[in-house]
Amino acid sequence: MEPLEELNELSFSVKGFISKSVRQVYDAVADPEQLSHYFTTGGAQGYLATGATVTWDFHDYPGAFPVHVLEAEVGKRIILRWGGQETLASDGMNTVTFEFTSESESSRTKVVITESGWKPTAAGIQAAFGNCEGWTGMLAAMKAWLEHGINLREDFYK
């Protein structure tokens with residue numbers, strides 16, 4: 001048996017498929033009005049554009065979080081940084097990447113969300129698992145909202 005490589009950073013990816021065009025799915029993440037309908041239970045302020053700093057607010061974690069957009073390529077990807085717990089970066093930020101891929105003749109979109117930047121410690125593992133749960137919930141809520149107009153998070157956290 002070969003020895004395992006040294007673990008220097010914790011990261012994860014979650015994915016899902018949404019039966020809408022890649023542009024509709026991209027806009028559901030980038031547009032604060034849409035994001036506020038199914039994800040940011042306390043609201044979102046600002047469109048996700050390269051170089052922008054926007055805020056996301058959640059009832060289960062009161063107080064608006066600043067979100068710094070490093071890259072936003074319409075219909076392809078959004079890369080952002082936001083605060084985390086037990087992060088490796090000296091500024092306390094993690095990197096989140098949303099990747100959007102058109103599937104099934106443009107009627108279905110694959111979404112992959114990857115977050116990285118935690119310390120490989122017990123506390124880092126706990127923080128990463130919590131965010132993994134959050135992004136998985138976001139994908140499920142986005143699917144329900146875009147495909148059926150249902151807000152899964154309504155009254156879920158308050």
# chains A, B, ... in the order shown; residues from 1 in each chain; ligands from 1

$ residues_around --residues "range 145-150 of chain A" --least-positions-apart "5" --cutoff "12 Å" --atoms "only C-alpha atoms" --output "NGL selection string"
:A and (17-29 or 34-39 or 107-109 or 138-140)

$ closest_residue --among "A:Lys15, A:Lys76, A:His59, A:Lys119" --to "Trp135 in chain A" --atoms "only C-alpha atoms"
A:Lys15

$ select_by_dssp --residues "range 2-139 of chain A" --states "strand (DSSP E)" --output "JSON, numbers by chain"
{"A": [10, 11, 12, 13, 14, 15, 16, 17, 18, 43, 44, 45, 53, 54, 55, 56, 57, 58, 61, 62, 63, 64, 65, 66, 67, 68, 69, 70, 71, 72, 73, 77, 78, 79, 80, 81, 82, 83, 93, 94, 95, 96, 97, 98, 99, 100, 101, 102, 103, 108, 109, 110, 111, 112, 113, 114, 115, 116, 117, 118]}

$ residues_around --residues "Glu99 in chain A" --least-positions-apart "3" --cutoff "6 Å" --atoms "only C-alpha atoms" --output "JSON, numbers by chain"
{"A": [76, 77, 111, 112]}

$ closest_residue --among "A:Val14, A:Asp155, A:Ala44, A:Glu9" --to "Cys132 in chain A" --atoms "only C-alpha atoms"
A:Val14

$ closest_residue --among "A:Thr40, A:Ser13, A:Asn8, A:Gln126" --to "Glu154 in chain A" --atoms "only C-alpha atoms"
A:Thr40

$ select_by_dssp --residues "range 35-88 of chain A" --states "alpha helix (DSSP H)" --output "PDB file with C-alpha atoms, in the first residue's frame"
ATOM      1  CA  LEU A  35     -30.850  34.526  -5.614  1.00  0.00           C
ATOM      2  CA  SER A  36     -32.994  36.132  -2.897  1.00  0.00           C
ATOM      3  CA  HIS A  37     -35.986  34.020  -3.944  1.00  0.00           C
ATOM      4  CA  TYR A  38     -34.424  30.631  -3.235  1.00  0.00           C
TER       5      TYR A  38
END

$ atom_distance --atom1 "CA of Gly43 in chain A" --atom2 "CA of Trp56 in chain A"
6.1 Å

$ residues_around --residues "Phe156 in chain A" --least-positions-apart "4" --cutoff "10 Å" --atoms "only C-alpha atoms" --output "compact mmCIF listing (two decimals) with N, CA and C atoms, in the first residue's frame"
# COMPACT_ATOMS: atom_id res chain seq x y z
N THR A 41 -31.74 33.80 2.28
CA THR A 41 -33.00 34.00 3.01
C THR A 41 -33.15 35.40 3.60
N HIS A 59 -30.92 34.19 7.12
CA HIS A 59 -31.59 34.21 8.42
C HIS A 59 -30.89 33.31 9.44
N ASP A 60 -30.31 32.20 8.97
CA ASP A 60 -29.65 31.27 9.89
C ASP A 60 -28.26 31.74 10.31
N ASN A 151 -40.08 27.62 -3.33
CA ASN A 151 -39.00 28.10 -2.47
C ASN A 151 -38.84 27.12 -1.32
N LEU A 152 -37.86 26.22 -1.42
CA LEU A 152 -37.62 25.20 -0.40
C LEU A 152 -37.15 25.79 0.93

$ atom_distance --atom1 "CA of Trp118 in chain A" --atom2 "CA of Met93 in chain A"
9.1 Å

$ closest_residue --among "A:Thr87, A:Thr121, A:Gly16, A:Glu73" --to "Ala144 in chain A" --atoms "only C-alpha atoms"
A:Gly16

$ decode --residues "range 78-97 of chain A" --atoms "N, CA and C atoms" --output "mmCIF file, in the first residue's frame"
data_model
loop_
_atom_site.group_PDB
_atom_site.id
_atom_site.type_symbol
_atom_site.label_atom_id
_atom_site.label_comp_id
_atom_site.auth_asym_id
_atom_site.auth_seq_id
_atom_site.Cartn_x
_atom_site.Cartn_y
_atom_site.Cartn_z
ATOM 1 N N ILE A 78 -18.473 31.435 -12.442
ATOM 2 C CA ILE A 78 -18.366 32.543 -11.503
ATOM 3 C C ILE A 78 -17.372 32.089 -10.439
ATOM 4 N N ILE A 79 -16.371 32.921 -10.175
ATOM 5 C CA ILE A 79 -15.405 32.622 -9.121
ATOM 6 C C ILE A 79 -15.481 33.761 -8.115
ATOM 7 N N LEU A 80 -15.669 33.390 -6.850
ATOM 8 C CA LEU A 80 -15.789 34.411 -5.817
ATOM 9 C C LEU A 80 -15.004 34.015 -4.587
ATOM 10 N N ARG A 81 -14.808 35.002 -3.712
ATOM 11 C CA ARG A 81 -14.173 34.756 -2.409
ATOM 12 C C ARG A 81 -15.099 35.318 -1.355
ATOM 13 N N TRP A 82 -15.211 34.554 -0.259
ATOM 14 C CA TRP A 82 -16.004 35.021 0.872
ATOM 15 C C TRP A 82 -15.423 34.457 2.148
ATOM 16 N N GLY A 83 -15.816 35.037 3.254
ATOM 17 C CA GLY A 83 -15.252 34.659 4.540
ATOM 18 C C GLY A 83 -15.622 33.253 4.956
ATOM 19 N N GLY A 84 -14.704 32.638 5.669
ATOM 20 C CA GLY A 84 -14.942 31.299 6.173
ATOM 21 C C GLY A 84 -14.324 31.128 7.547
ATOM 22 N N GLN A 85 -14.529 29.971 8.106
ATOM 23 C CA GLN A 85 -13.924 29.631 9.389
ATOM 24 C C GLN A 85 -12.829 28.610 9.137
ATOM 25 N N GLU A 86 -11.747 28.731 9.894
ATOM 26 C CA GLU A 86 -10.623 27.794 9.785
ATOM 27 C C GLU A 86 -10.033 27.777 8.383
ATOM 28 N N THR A 87 -9.881 28.968 7.789
ATOM 29 C CA THR A 87 -9.349 29.064 6.444
ATOM 30 C C THR A 87 -7.824 29.153 6.459
ATOM 31 N N LEU A 88 -7.228 28.801 5.345
ATOM 32 C CA LEU A 88 -5.780 28.891 5.194
ATOM 33 C C LEU A 88 -5.330 30.306 4.843
ATOM 34 N N ALA A 89 -6.152 31.043 4.142
ATOM 35 C CA ALA A 89 -5.770 32.380 3.681
ATOM 36 C C ALA A 89 -5.677 33.363 4.845
ATOM 37 N N SER A 90 -4.686 34.225 4.779
ATOM 38 C CA SER A 90 -4.489 35.204 5.857
ATOM 39 C C SER A 90 -5.647 36.185 5.958
ATOM 40 N N ASP A 91 -6.398 36.379 4.863
ATOM 41 C CA ASP A 91 -7.553 37.280 4.898
ATOM 42 C C ASP A 91 -8.839 36.578 5.346
ATOM 43 N N GLY A 92 -8.744 35.286 5.685
ATOM 44 C CA GLY A 92 -9.901 34.539 6.173
ATOM 45 C C GLY A 92 -10.916 34.192 5.100
ATOM 46 N N MET A 93 -10.506 34.213 3.851
ATOM 47 C CA MET A 93 -11.435 33.980 2.740
ATOM 48 C C MET A 93 -11.228 32.608 2.110
ATOM 49 N N ASN A 94 -12.321 32.057 1.603
ATOM 50 C CA ASN A 94 -12.309 30.842 0.801
ATOM 51 C C ASN A 94 -12.668 31.202 -0.630
ATOM 52 N N THR A 95 -12.315 30.329 -1.551
ATOM 53 C CA THR A 95 -12.662 30.513 -2.963
ATOM 54 C C THR A 95 -13.785 29.552 -3.333
ATOM 55 N N VAL A 96 -14.807 30.101 -4.004
ATOM 56 C CA VAL A 96 -15.943 29.314 -4.482
ATOM 57 C C VAL A 96 -16.023 29.484 -5.990
ATOM 58 N N THR A 97 -16.120 28.361 -6.698
ATOM 59 C CA THR A 97 -16.237 28.394 -8.157
ATOM 60 C C THR A 97 -17.528 27.705 -8.564
#
